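Text of the file my_file.cif, holding mmCIF, C-alpha atoms and all ligand atoms:
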```cif
data_coords
#
loop_
_atom_site.group_PDB
_atom_site.id
_atom_site.type_symbol
_atom_site.label_atom_id
_atom_site.label_comp_id
_atom_site.auth_asym_id
_atom_site.auth_seq_id
_atom_site.Cartn_x
_atom_site.Cartn_y
_atom_site.Cartn_z
ATOM 1 C CA MET A 1 48.562 22.142 44.404
ATOM 2 C CA PHE A 2 48.318 18.450 43.796
ATOM 3 C CA ILE A 3 45.030 18.393 45.503
ATOM 4 C CA GLY A 4 44.134 21.568 43.652
ATOM 5 C CA LEU A 5 44.863 19.908 40.340
ATOM 6 C CA LYS A 6 42.774 16.943 41.129
ATOM 7 C CA PRO A 7 39.376 18.567 40.646
ATOM 8 C CA SER A 8 40.335 20.008 37.224
ATOM 9 C CA GLN A 9 41.820 16.682 36.255
ATOM 10 C CA ALA A 10 38.624 15.080 37.445
ATOM 11 C CA ILE A 11 36.627 17.480 35.328
ATOM 12 C CA TYR A 12 38.932 16.766 32.382
ATOM 13 C CA MET A 13 38.540 13.036 32.911
ATOM 14 C CA LYS A 14 34.828 13.476 33.267
ATOM 15 C CA ARG A 15 34.729 15.333 29.950
ATOM 16 C CA ILE A 16 36.675 12.612 28.215
ATOM 17 C CA TRP A 17 34.430 10.043 29.777
ATOM 18 C CA PHE A 18 31.324 12.005 28.771
ATOM 19 C CA ALA A 19 32.612 12.507 25.233
ATOM 20 C CA GLY A 20 33.351 8.823 25.074
ATOM 21 C CA ILE A 21 29.879 7.902 26.208
ATOM 22 C CA TYR A 22 28.435 10.496 23.820
ATOM 23 C CA LEU A 23 30.370 8.954 20.955
ATOM 24 C CA LEU A 24 29.326 5.482 21.968
ATOM 25 C CA VAL A 25 25.705 6.554 22.117
ATOM 26 C CA LEU A 26 26.040 8.125 18.678
ATOM 27 C CA VAL A 27 27.631 5.017 17.247
ATOM 28 C CA PHE A 28 25.005 2.897 18.928
ATOM 29 C CA LEU A 29 22.143 5.059 17.659
ATOM 30 C CA ALA A 30 23.599 5.197 14.174
ATOM 31 C CA GLY A 31 23.940 1.460 14.228
ATOM 32 C CA MET A 32 20.445 1.069 15.511
ATOM 33 C CA PHE A 33 18.984 3.340 12.851
ATOM 34 C CA ALA A 34 20.982 1.636 10.156
ATOM 35 C CA GLY A 35 19.763 -1.667 11.530
ATOM 36 C CA CYS A 36 16.236 -0.400 11.656
ATOM 37 C CA ASP A 37 16.405 0.907 8.121
ATOM 38 C CA GLY A 38 17.871 -2.277 6.837
ATOM 39 C CA LYS A 39 15.339 -4.333 8.695
ATOM 40 C CA ALA A 40 12.438 -2.102 7.652
ATOM 41 C CA ALA A 41 13.475 -2.371 4.021
ATOM 42 C CA GLU A 42 13.695 -6.138 4.323
ATOM 43 C CA ASP A 43 10.357 -6.287 6.108
ATOM 44 C CA THR A 44 8.535 -4.265 3.485
ATOM 45 C CA GLY A 45 10.022 -6.473 0.837
ATOM 46 C CA GLU A 46 8.882 -9.576 2.660
ATOM 47 C CA GLN A 47 5.628 -8.429 4.205
ATOM 48 C CA LYS A 48 4.062 -6.239 1.559
ATOM 49 C CA MET A 49 2.043 -8.292 -0.828
ATOM 50 C CA GLY A 50 2.489 -7.401 -4.473
ATOM 51 C CA VAL A 51 -0.785 -6.595 -6.217
ATOM 52 C CA VAL A 52 -0.890 -5.740 -9.912
ATOM 53 C CA VAL A 53 -3.847 -3.819 -11.314
ATOM 54 C CA SER A 54 -4.551 -2.543 -14.814
ATOM 55 C CA ILE A 55 -5.762 1.006 -14.166
ATOM 56 C CA LEU A 56 -5.399 3.735 -11.547
ATOM 57 C CA PRO A 57 -8.912 3.632 -10.045
ATOM 58 C CA GLN A 58 -8.308 -0.058 -9.254
ATOM 59 C CA ALA A 59 -5.094 0.922 -7.485
ATOM 60 C CA GLU A 60 -7.149 3.255 -5.330
ATOM 61 C CA PHE A 61 -9.625 0.447 -4.548
ATOM 62 C CA ALA A 62 -6.831 -1.982 -3.638
ATOM 63 C CA GLU A 63 -4.937 0.541 -1.543
ATOM 64 C CA ARG A 64 -8.042 1.620 0.325
ATOM 65 C CA ILE A 65 -8.597 -1.997 1.376
ATOM 66 C CA GLY A 66 -5.031 -3.174 1.750
ATOM 67 C CA GLY A 67 -3.219 -0.051 2.980
ATOM 68 C CA ASP A 68 0.373 -0.696 3.983
ATOM 69 C CA ARG A 69 0.073 -4.433 3.588
ATOM 70 C CA LEU A 70 0.162 -4.041 -0.191
ATOM 71 C CA MET A 71 2.599 -2.950 -2.859
ATOM 72 C CA VAL A 72 0.309 -1.977 -5.727
ATOM 73 C CA THR A 73 1.622 -1.778 -9.276
ATOM 74 C CA VAL A 74 -0.509 -0.074 -11.928
ATOM 75 C CA MET A 75 0.025 -1.278 -15.471
ATOM 76 C CA VAL A 76 -1.487 1.696 -17.343
ATOM 77 C CA PRO A 77 0.302 4.741 -15.882
ATOM 78 C CA PRO A 78 -1.140 8.256 -15.409
ATOM 79 C CA GLY A 79 -1.886 9.701 -18.840
ATOM 80 C CA GLY A 80 -1.776 6.234 -20.416
ATOM 81 C CA ASN A 81 -4.649 4.933 -22.495
ATOM 82 C CA PRO A 82 -5.936 1.485 -21.488
ATOM 83 C CA HIS A 83 -7.246 0.962 -25.018
ATOM 84 C CA THR A 84 -3.724 1.022 -26.444
ATOM 85 C CA TYR A 85 -1.128 0.805 -23.654
ATOM 86 C CA GLU A 86 1.665 -1.778 -23.700
ATOM 87 C CA PRO A 87 3.528 -2.673 -20.505
ATOM 88 C CA THR A 88 7.277 -2.104 -20.079
ATOM 89 C CA PRO A 89 9.748 -4.907 -19.242
ATOM 90 C CA GLY A 90 10.117 -3.325 -15.785
ATOM 91 C CA GLN A 91 6.389 -3.679 -15.205
ATOM 92 C CA LEU A 92 6.435 -7.330 -16.229
ATOM 93 C CA GLU A 93 9.196 -7.838 -13.677
ATOM 94 C CA GLU A 94 6.909 -6.368 -11.003
ATOM 95 C CA VAL A 95 4.302 -8.858 -12.146
ATOM 96 C CA SER A 96 6.709 -11.730 -11.617
ATOM 97 C CA ARG A 97 7.009 -10.748 -7.937
ATOM 98 C CA ALA A 98 3.294 -10.100 -7.321
ATOM 99 C CA LYS A 99 0.787 -12.379 -5.612
ATOM 100 C CA ILE A 100 -2.364 -11.014 -7.246
ATOM 101 C CA TYR A 101 -3.334 -9.635 -10.611
ATOM 102 C CA ALA A 102 -6.648 -7.788 -10.367
ATOM 103 C CA LYS A 103 -7.860 -7.283 -13.907
ATOM 104 C CA VAL A 104 -10.810 -5.087 -14.797
ATOM 105 C CA GLY A 105 -12.195 -8.100 -16.641
ATOM 106 C CA SER A 106 -14.683 -6.274 -18.834
ATOM 107 C CA GLY A 107 -12.766 -6.666 -22.077
ATOM 108 C CA ILE A 108 -10.644 -3.545 -22.094
ATOM 109 C CA GLU A 109 -8.093 -3.767 -24.927
ATOM 110 C CA PHE A 110 -5.056 -3.606 -22.683
ATOM 111 C CA GLU A 111 -6.209 -6.785 -20.968
ATOM 112 C CA LEU A 112 -7.387 -8.525 -24.122
ATOM 113 C CA VAL A 113 -3.853 -8.166 -25.445
ATOM 114 C CA TRP A 114 -1.795 -8.449 -22.252
ATOM 115 C CA ALA A 115 -3.643 -10.376 -19.535
ATOM 116 C CA ASP A 116 -2.451 -13.787 -20.760
ATOM 117 C CA LYS A 117 1.110 -12.536 -21.005
ATOM 118 C CA ILE A 118 0.927 -11.068 -17.512
ATOM 119 C CA ILE A 119 -0.341 -14.372 -16.178
ATOM 120 C CA SER A 120 2.306 -16.348 -18.087
ATOM 121 C CA VAL A 121 5.074 -14.245 -16.532
ATOM 122 C CA ASN A 122 3.949 -15.460 -13.118
ATOM 123 C CA LYS A 123 2.089 -18.754 -13.140
ATOM 124 C CA GLU A 124 1.489 -18.605 -9.377
ATOM 125 C CA ILE A 125 -0.316 -15.289 -9.569
ATOM 126 C CA LEU A 126 -3.898 -15.207 -8.312
ATOM 127 C CA VAL A 127 -6.074 -13.612 -10.983
ATOM 128 C CA VAL A 128 -8.998 -11.571 -9.692
ATOM 129 C CA ASP A 129 -11.707 -10.603 -12.162
ATOM 130 C CA CYS A 130 -13.040 -7.280 -10.889
ATOM 131 C CA SER A 131 -16.005 -7.422 -13.280
ATOM 132 C CA SER A 132 -17.366 -10.590 -11.727
ATOM 133 C CA GLY A 133 -20.977 -9.980 -10.668
ATOM 134 C CA ILE A 134 -21.334 -6.737 -12.626
ATOM 135 C CA ASP A 135 -24.175 -6.407 -15.113
ATOM 136 C CA LEU A 136 -22.187 -5.629 -18.266
ATOM 137 C CA ILE A 137 -23.584 -3.342 -20.935
ATOM 138 C CA GLU A 138 -23.355 -4.447 -24.556
ATOM 139 C CA SER A 139 -20.843 -2.362 -26.429
ATOM 140 C CA ALA A 140 -22.512 0.562 -28.188
ATOM 141 C CA ASP A 141 -20.775 -0.482 -31.385
ATOM 142 C CA ASN A 142 -22.877 -3.633 -31.472
ATOM 143 C CA SER A 143 -26.231 -2.066 -31.480
ATOM 144 C CA GLU A 144 -27.609 1.408 -31.448
ATOM 145 C CA HIS A 145 -24.850 3.312 -33.231
ATOM 146 C CA GLU A 146 -24.627 1.305 -36.409
ATOM 147 C CA GLY A 147 -26.706 3.621 -38.531
ATOM 148 C CA GLU A 148 -25.799 6.779 -36.728
ATOM 149 C CA ASN A 149 -22.593 7.682 -38.484
ATOM 150 C CA GLY A 150 -23.493 6.412 -41.917
ATOM 151 C CA GLU A 151 -22.338 3.348 -43.775
ATOM 152 C CA LEU A 152 -18.653 4.202 -43.713
ATOM 153 C CA ASN A 153 -18.249 3.044 -40.154
ATOM 154 C CA GLU A 154 -20.293 -0.112 -40.249
ATOM 155 C CA GLU A 155 -17.366 -2.270 -41.289
ATOM 156 C CA GLU A 156 -15.347 -0.949 -38.386
ATOM 157 C CA PHE A 157 -18.207 -1.643 -36.051
ATOM 158 C CA ALA A 158 -18.466 -5.230 -37.222
ATOM 159 C CA GLY A 159 -14.748 -5.696 -36.537
ATOM 160 C CA GLU A 160 -15.060 -4.182 -33.075
ATOM 161 C CA ALA A 161 -18.046 -6.324 -32.188
ATOM 162 C CA ALA A 162 -16.080 -9.462 -32.886
ATOM 163 C CA SER A 163 -13.248 -8.493 -30.551
ATOM 164 C CA HIS A 164 -15.200 -7.149 -27.584
ATOM 165 C CA ASN A 165 -18.911 -7.193 -27.014
ATOM 166 C CA TYR A 166 -19.158 -5.266 -23.776
ATOM 167 C CA ASP A 167 -18.483 -1.733 -22.777
ATOM 168 C CA PRO A 168 -15.345 -2.063 -20.659
ATOM 169 C CA HIS A 169 -15.662 1.122 -18.533
ATOM 170 C CA ILE A 170 -17.315 -0.571 -15.568
ATOM 171 C CA TRP A 171 -15.374 1.318 -12.875
ATOM 172 C CA LEU A 172 -17.117 4.619 -13.647
ATOM 173 C CA SER A 173 -20.170 3.737 -11.583
ATOM 174 C CA PRO A 174 -19.870 3.842 -7.782
ATOM 175 C CA ALA A 175 -22.220 0.845 -7.545
ATOM 176 C CA ASN A 176 -19.893 -1.133 -9.816
ATOM 177 C CA ALA A 177 -16.883 0.161 -7.904
ATOM 178 C CA LYS A 178 -18.430 -1.405 -4.819
ATOM 179 C CA ILE A 179 -18.590 -4.800 -6.543
ATOM 180 C CA MET A 180 -15.037 -4.414 -7.862
ATOM 181 C CA THR A 181 -13.925 -3.602 -4.327
ATOM 182 C CA GLU A 182 -15.652 -6.735 -3.077
ATOM 183 C CA ASN A 183 -13.856 -8.830 -5.702
ATOM 184 C CA ILE A 184 -10.486 -7.339 -4.799
ATOM 185 C CA TYR A 185 -11.229 -7.993 -1.125
ATOM 186 C CA SER A 186 -11.987 -11.649 -1.860
ATOM 187 C CA GLY A 187 -8.658 -11.962 -3.651
ATOM 188 C CA LEU A 188 -6.769 -10.298 -0.826
ATOM 189 C CA ILE A 189 -8.135 -12.556 1.889
ATOM 190 C CA GLU A 190 -7.471 -15.605 -0.250
ATOM 191 C CA ALA A 191 -3.858 -14.653 -0.869
ATOM 192 C CA ASP A 192 -3.259 -13.198 2.602
ATOM 193 C CA PRO A 193 -5.656 -14.716 5.175
ATOM 194 C CA ASP A 194 -3.700 -13.139 8.060
ATOM 195 C CA GLY A 195 -4.877 -9.712 6.945
ATOM 196 C CA ARG A 196 -8.531 -10.659 6.859
ATOM 197 C CA ASP A 197 -9.798 -8.412 9.693
ATOM 198 C CA PHE A 198 -7.746 -5.475 8.501
ATOM 199 C CA TYR A 199 -8.980 -5.842 4.925
ATOM 200 C CA TYR A 200 -12.542 -6.306 6.064
ATOM 201 C CA GLU A 201 -12.629 -3.145 8.182
ATOM 202 C CA ASN A 202 -11.097 -1.037 5.436
ATOM 203 C CA LYS A 203 -13.399 -2.506 2.836
ATOM 204 C CA VAL A 204 -16.505 -1.644 4.865
ATOM 205 C CA VAL A 205 -15.327 1.946 5.383
ATOM 206 C CA PHE A 206 -14.566 2.413 1.683
ATOM 207 C CA GLN A 207 -17.800 0.809 0.527
ATOM 208 C CA ASN A 208 -19.741 3.142 2.803
ATOM 209 C CA GLU A 209 -17.952 6.045 1.174
ATOM 210 C CA LEU A 210 -18.936 4.645 -2.235
ATOM 211 C CA ASP A 211 -22.574 4.493 -1.097
ATOM 212 C CA GLU A 212 -22.367 8.104 0.047
ATOM 213 C CA LEU A 213 -20.836 9.059 -3.277
ATOM 214 C CA ASP A 214 -23.634 7.301 -5.118
ATOM 215 C CA ASN A 215 -26.293 9.180 -3.129
ATOM 216 C CA GLU A 216 -24.498 12.440 -3.600
ATOM 217 C CA ILE A 217 -24.228 12.053 -7.381
ATOM 218 C CA ARG A 218 -27.902 11.126 -7.519
ATOM 219 C CA LYS A 219 -28.705 14.381 -5.730
ATOM 220 C CA ILE A 220 -26.351 16.452 -7.872
ATOM 221 C CA LEU A 221 -27.920 15.191 -11.087
ATOM 222 C CA SER A 222 -31.537 15.091 -9.990
ATOM 223 C CA GLY A 223 -34.330 17.438 -10.952
ATOM 224 C CA ARG A 224 -33.099 18.230 -14.439
ATOM 225 C CA GLU A 225 -35.352 17.672 -17.425
ATOM 226 C CA ASN A 226 -32.523 17.520 -19.905
ATOM 227 C CA ARG A 227 -30.607 14.243 -19.591
ATOM 228 C CA LYS A 228 -28.357 14.514 -22.668
ATOM 229 C CA ILE A 229 -24.592 14.585 -22.279
ATOM 230 C CA LEU A 230 -22.294 14.946 -25.273
ATOM 231 C CA VAL A 231 -19.089 12.997 -24.690
ATOM 232 C CA TYR A 232 -16.086 12.431 -26.884
ATOM 233 C CA HIS A 233 -15.190 8.956 -25.635
ATOM 234 C CA PRO A 234 -17.923 6.503 -24.576
ATOM 235 C CA ALA A 235 -16.481 5.971 -21.088
ATOM 236 C CA TRP A 236 -19.558 7.009 -19.130
ATOM 237 C CA THR A 237 -22.068 4.359 -20.170
ATOM 238 C CA TYR A 238 -22.343 2.734 -16.724
ATOM 239 C CA PHE A 239 -22.490 6.125 -15.076
ATOM 240 C CA ALA A 240 -25.265 7.108 -17.486
ATOM 241 C CA ARG A 241 -27.184 3.923 -16.686
ATOM 242 C CA ASP A 242 -27.011 4.563 -12.937
ATOM 243 C CA TYR A 243 -28.002 8.213 -13.109
ATOM 244 C CA HIS A 244 -30.396 8.134 -16.058
ATOM 245 C CA LEU A 245 -28.361 10.179 -18.474
ATOM 246 C CA GLU A 246 -28.383 9.835 -22.250
ATOM 247 C CA LEU A 247 -24.953 9.864 -23.815
ATOM 248 C CA VAL A 248 -24.384 11.318 -27.246
ATOM 249 C CA ILE A 249 -21.027 9.899 -28.281
ATOM 250 C CA ILE A 250 -18.531 11.481 -30.675
ATOM 251 C CA GLU A 251 -15.746 8.911 -30.886
ATOM 252 C CA LYS A 252 -16.268 5.235 -31.558
ATOM 253 C CA GLU A 253 -13.819 2.970 -29.724
ATOM 254 C CA GLY A 254 -10.703 5.008 -30.223
ATOM 255 C CA LYS A 255 -11.533 6.295 -33.677
ATOM 256 C CA GLU A 256 -12.216 9.866 -34.715
ATOM 257 C CA PRO A 257 -15.646 10.290 -36.311
ATOM 258 C CA THR A 258 -15.977 10.774 -40.049
ATOM 259 C CA ALA A 259 -16.787 14.198 -41.506
ATOM 260 C CA GLU A 260 -20.352 12.984 -41.908
ATOM 261 C CA GLY A 261 -20.392 11.809 -38.301
ATOM 262 C CA ILE A 262 -19.267 15.229 -37.117
ATOM 263 C CA LYS A 263 -21.967 16.920 -39.178
ATOM 264 C CA ASN A 264 -24.532 14.590 -37.668
ATOM 265 C CA LEU A 265 -23.323 15.341 -34.131
ATOM 266 C CA ILE A 266 -23.402 19.081 -34.718
ATOM 267 C CA SER A 267 -27.018 18.939 -35.785
ATOM 268 C CA GLN A 268 -27.871 16.761 -32.773
ATOM 269 C CA ALA A 269 -26.110 19.196 -30.433
ATOM 270 C CA LYS A 270 -28.005 22.108 -31.951
ATOM 271 C CA LEU A 271 -31.274 20.227 -31.772
ATOM 272 C CA TYR A 272 -30.857 19.462 -28.069
ATOM 273 C CA ASN A 273 -29.239 22.801 -27.287
ATOM 274 C CA ILE A 274 -26.055 21.115 -26.067
ATOM 275 C CA LYS A 275 -23.238 23.531 -25.206
ATOM 276 C CA LEU A 276 -20.697 21.417 -23.387
ATOM 277 C CA ILE A 277 -18.665 18.571 -24.814
ATOM 278 C CA PHE A 278 -16.903 16.246 -22.404
ATOM 279 C CA ALA A 279 -13.558 14.827 -23.437
ATOM 280 C CA SER A 280 -10.829 12.933 -21.581
ATOM 281 C CA PRO A 281 -7.343 14.409 -21.152
ATOM 282 C CA GLU A 282 -5.940 10.991 -22.159
ATOM 283 C CA LEU A 283 -7.275 11.260 -25.712
ATOM 284 C CA SER A 284 -7.119 13.627 -28.660
ATOM 285 C CA VAL A 285 -9.922 16.154 -28.613
ATOM 286 C CA LYS A 286 -9.662 17.506 -32.146
ATOM 287 C CA SER A 287 -13.152 16.622 -33.336
ATOM 288 C CA ALA A 288 -14.625 17.630 -29.963
ATOM 289 C CA GLU A 289 -13.138 21.089 -30.498
ATOM 290 C CA THR A 290 -14.438 21.242 -34.053
ATOM 291 C CA ILE A 291 -17.944 20.496 -32.841
ATOM 292 C CA ALA A 292 -17.637 22.933 -29.921
ATOM 293 C CA ARG A 293 -16.705 25.724 -32.348
ATOM 294 C CA GLU A 294 -19.662 24.938 -34.580
ATOM 295 C CA ILE A 295 -22.196 24.955 -31.765
ATOM 296 C CA GLY A 296 -20.663 27.908 -29.933
ATOM 297 C CA GLY A 297 -19.964 25.677 -26.949
ATOM 298 C CA SER A 298 -16.856 24.499 -25.162
ATOM 299 C CA VAL A 299 -14.893 21.352 -24.379
ATOM 300 C CA VAL A 300 -14.682 20.277 -20.744
ATOM 301 C CA LEU A 301 -12.001 17.767 -19.772
ATOM 302 C CA ILE A 302 -12.992 14.983 -17.407
ATOM 303 C CA SER A 303 -10.857 11.949 -16.707
ATOM 304 C CA PRO A 304 -12.168 8.401 -16.500
ATOM 305 C CA LEU A 305 -8.842 7.238 -15.053
ATOM 306 C CA GLU A 306 -8.069 9.526 -12.145
ATOM 307 C CA LYS A 307 -6.682 7.675 -9.118
ATOM 308 C CA ASP A 308 -8.518 9.710 -6.484
ATOM 309 C CA TYR A 309 -11.798 8.036 -7.323
ATOM 310 C CA LEU A 310 -14.197 9.724 -4.891
ATOM 311 C CA THR A 311 -13.013 13.265 -5.612
ATOM 312 C CA ASN A 312 -12.904 12.681 -9.353
ATOM 313 C CA MET A 313 -16.395 11.216 -9.549
ATOM 314 C CA ARG A 314 -17.837 14.172 -7.610
ATOM 315 C CA LYS A 315 -16.035 16.512 -9.980
ATOM 316 C CA VAL A 316 -17.488 14.691 -12.985
ATOM 317 C CA ALA A 317 -21.015 14.801 -11.547
ATOM 318 C CA GLU A 318 -20.717 18.557 -10.977
ATOM 319 C CA ALA A 319 -19.418 18.999 -14.525
ATOM 320 C CA PHE A 320 -22.288 16.992 -16.009
ATOM 321 C CA LYS A 321 -24.740 19.022 -13.955
ATOM 322 C CA GLN A 322 -23.608 22.170 -15.792
ATOM 323 C CA ALA A 323 -24.528 20.460 -19.056
ATOM 324 C CA LEU A 324 -28.040 19.632 -17.869
ATOM 325 C CA GLU A 325 -28.971 23.245 -17.113
HETATM 326 ZN ZN ZN B 1 -12.120 4.197 -22.581
#
```

Conversion result in structure tokens:
Amino acid sequence: MFIGLKPSQAIYMKRIWFAGIYLLVLVFLAGMFAGCDGKAAEDTGEQKMGVVVSILPQAEFAERIGGDRLMVTVMVPPGGNPHTYEPTPGQLEEVSRAKIYAKVGSGIEFELVWADKIISVNKEILVVDCSSGIDLIESADNSEHEGENGELNEEEFAGEAASHNYDPHIWLSPANAKIMTENIYSGLIEADPDGRDFYYENKVVFQNELDELDNEIRKILSGRENRKILVYHPAWTYFARDYHLELVIIEKEGKEPTAEGIKNLISQAKLYNIKLIFASPELSVKSAETIAREIGGSVVLISPLEKDYLTNMRKVAEAFKQALE
């Protein structure tokens, strides 16, 4: 009996022992995971370099080069308008922790108003000018459009010219995007030399993709006689320069056109047989719709601020192609 009991007792003991071990393993694993989590959270806080950018396409550029080494903060959020946006206190706090501020640098209103403030929040921050090396286009308001909308707008134009002389939308040309990427890369290796090889490899891959994009857009838009594109907001000036398009612009730097301006645009659209009007989802499209109704055409929304740069630019090229038919 005694001997008979022994095996069951042994089994019982074994079970207790096994359960004990099991529990220990659980506790150990839980501890390890907790430790891991805690450590990982600390590591990301310590290792990831804070990079502040103004607009979403820049975030894409920075992330494509910096990957997991970076914590990118975008000042103008999705749906925000870089001509009018004001940062939140929370965003300025992000700035105070960042190593780099990559500004567009081409005179976009958000930066004209806020760049100094952003820099003053964090005096150590390395400021990267993404426009450095880009051939800037004089703002349309300075030159060719003065007479176009009649005298009413000339005063406004004079005011605009004083505040910013260049068209700020430099990122909407893959060739410019390549230069912006180069500028961001230079900033990254200056602030984080340990990541140099990593940044370099990623930069080369992304710049090759930008070259491919450029070739592709060239193909998409080639072979069409008509080069006129009617746009609401003059965001596509650099794009138009690269791909030999002629922009007919409705809005002038954030302002709706006058009644006379609209009349003028309608007759231009009719003259050139324009049926599509391109507007951005970030802005009001009231006058674009008015014109579309008058010419029996339609409004197509294209965004100059989409984060997924490559996909968005292809989409825009395809949309413009429809207008050139
Ligand atoms: Zn704009």

Using only C-alpha atoms and all ligand atoms, find each residue in chain A having at least one atom no more than 9 Å away from ligand ZN 1 (chain B); report its shortest atom-to-atom pair and that distance in Å (one decimal), rows by chain then rising number, as a tab-separated table.
```
residue	atom	partner	partner_atom	distance
A:Asn81	CA	B:ZN1	ZN	7.5
A:Pro82	CA	B:ZN1	ZN	6.8
A:His83	CA	B:ZN1	ZN	6.3
A:Ile108	CA	B:ZN1	ZN	7.9
A:Asp167	CA	B:ZN1	ZN	8.7
A:Pro168	CA	B:ZN1	ZN	7.3
A:His169	CA	B:ZN1	ZN	6.2
A:His233	CA	B:ZN1	ZN	6.4
A:Pro234	CA	B:ZN1	ZN	6.6
A:Ala235	CA	B:ZN1	ZN	4.9
A:Trp236	CA	B:ZN1	ZN	8.7
A:Glu253	CA	B:ZN1	ZN	7.4
A:Gly254	CA	B:ZN1	ZN	7.8
A:Ser280	CA	B:ZN1	ZN	8.9
A:Pro304	CA	B:ZN1	ZN	7.4
A:Leu305	CA	B:ZN1	ZN	8.8
```

> Exactly which residues make up the result of the PyMOL selection byres (((chain A and resi 102) around 6) and not hetatm) on this file, given as a PyMOL selection string?
Replying inline: chain A and resi 53+101+103+127-128

> If I put a ball of radius 12 Å at (-10.4, -13.7, -4.8) in the file's coordinates, which residues poke into it when counting all atoms listed in the file, written as a PyMOL selection string?
Replying inline: chain A and resi 99-103+125-132+180-193

On this structure, the PyMOL selection byres (((chain A and resi 196-211) around 7) and not hetatm) would catch which residues? List them as an mmCIF file with C-alpha atoms, in the coordinates of the input, sorted by chain and number.
```
data_model
loop_
_atom_site.group_PDB
_atom_site.id
_atom_site.type_symbol
_atom_site.label_atom_id
_atom_site.label_comp_id
_atom_site.auth_asym_id
_atom_site.auth_seq_id
_atom_site.Cartn_x
_atom_site.Cartn_y
_atom_site.Cartn_z
ATOM 1 C CA ARG A 64 -8.042 1.620 0.325
ATOM 2 C CA ILE A 65 -8.597 -1.997 1.376
ATOM 3 C CA GLY A 66 -5.031 -3.174 1.750
ATOM 4 C CA PRO A 174 -19.870 3.842 -7.782
ATOM 5 C CA LYS A 178 -18.430 -1.405 -4.819
ATOM 6 C CA TYR A 185 -11.229 -7.993 -1.125
ATOM 7 C CA ILE A 189 -8.135 -12.556 1.889
ATOM 8 C CA PRO A 193 -5.656 -14.716 5.175
ATOM 9 C CA ASP A 194 -3.700 -13.139 8.060
ATOM 10 C CA GLY A 195 -4.877 -9.712 6.945
ATOM 11 C CA GLU A 212 -22.367 8.104 0.047
ATOM 12 C CA LEU A 213 -20.836 9.059 -3.277
ATOM 13 C CA ASP A 214 -23.634 7.301 -5.118
ATOM 14 C CA ASN A 215 -26.293 9.180 -3.129
#
```

> Exactly which residues make up the result of the PyMOL selection byres (((chain A and resi 285) around 12) and not hetatm) on this file, given as a list in words?
Replying inline: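 For this structure, the PyMOL selection byres (((chain A and resi 285) around 12) and not hetatm) resolves to Val231, Tyr232, His233, Ile250, Glu251, Gly254, Lys255, Glu256, Pro257, Ile277, Phe278, Ala279, Ser280, Pro281, Glu282, Leu283, Ser284, Lys286, Ser287, Ala288, Glu289, Thr290, Ile291, Ala292, Ser298, Val299, Val300, Leu301 and Ile302 of chain A.
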
>> My list of candidates is A:Val121, A:Met71, A:Met313, A:Ala115. Which is closest to Pro89 of chain A when distances are computed with all atoms listed in the file?
In response: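 Closest residue, counting all atoms listed in the file: A:Val121.
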
> How many Å separate atom CA of Ala319 of chain A from atom CA of Ile134 of chain A?
Replying inline: 25.9 Å

> Which of these residues is nearest to Tyr238 of chain A, using all atoms listed in the file: A:Asn122, A:Asn312, A:Gln91, A:Asn176?
Replying inline: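 With all atoms listed in the file as the atom set, the closest residue is A:Asn176.
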
> Could you state the separation of atom CA of Arg97 of chain A and atom CA of Leu310 of chain A in Å, given to one decimal place?
Replying inline: 29.6 Å

Exercise on segment 283-291 of chain A, axis-aligned box with 5 Å per side, report centre and edge lengths in Å to one decimal, as lines of an AutoDock Vina configuration file:
```
center_x = -12.5
center_y = 16.3
center_z = -29.9
size_x = 20.8
size_y = 20.0
size_z = 18.3
```

>> Quick check, in Å to one decimal: how far apart do atom CA of Phe239 of chain A and atom CA of Glu325 of chain A lie?
In response: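 Separation of atom CA of Phe239 of chain A and atom CA of Glu325 of chain A: 18.4 Å.
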
> Hey, which of A:Val74, A:Ile220, A:Val52, A:Ala98 ends up closest to Arg314 of chain A? Count only C-alpha atoms.
Replying inline: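 Answer, going by the shortest atom-to-atom distance: A:Ile220.
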
> Which is closer to Trp171 of chain A than all the others in A:Arg293, A:Lys123, A:Lys307, A:His244, using all atoms listed in the file?
Replying inline: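 Under the stated criterion, the closest residue is A:Lys307.
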
>> Could you check which residues have any atom within 9 Å of (6.6, -2.5, -12.1), counting all atoms listed in the file with coordinates taken straight from the file, and then list them as a list in words?
In response: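 Here the neighbourhood of the point contains Val52, Val72, Thr73, Val74, Met75, Pro87, Thr88, Pro89, Gly90, Gln91, Leu92, Glu93, Glu94 and Val95 of chain A.
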
Would you list the contacts of Arg227 of chain A as a short mmCIF file (atom, residue, chain, number, x, y, z; two decimals) with C-alpha atoms, in the frame of the given file, taking every protein, DNA or RNA residue within 7 Å and counting only C-alpha atoms, but skipping same-chain residues closer than 4 positions in sequence?
```
data_model
loop_
_atom_site.label_atom_id
_atom_site.label_comp_id
_atom_site.auth_asym_id
_atom_site.auth_seq_id
_atom_site.Cartn_x
_atom_site.Cartn_y
_atom_site.Cartn_z
CA LEU A 245 -28.36 10.18 -18.47
CA GLU A 246 -28.38 9.84 -22.25
CA LEU A 324 -28.04 19.63 -17.87
#
```

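If you measure from each of A:Gly261, A:Pro57, A:Gly80, A:Gly296 to Phe110 of chain A using all atoms listed in the file, the closest one turns out to be A:Gly80.
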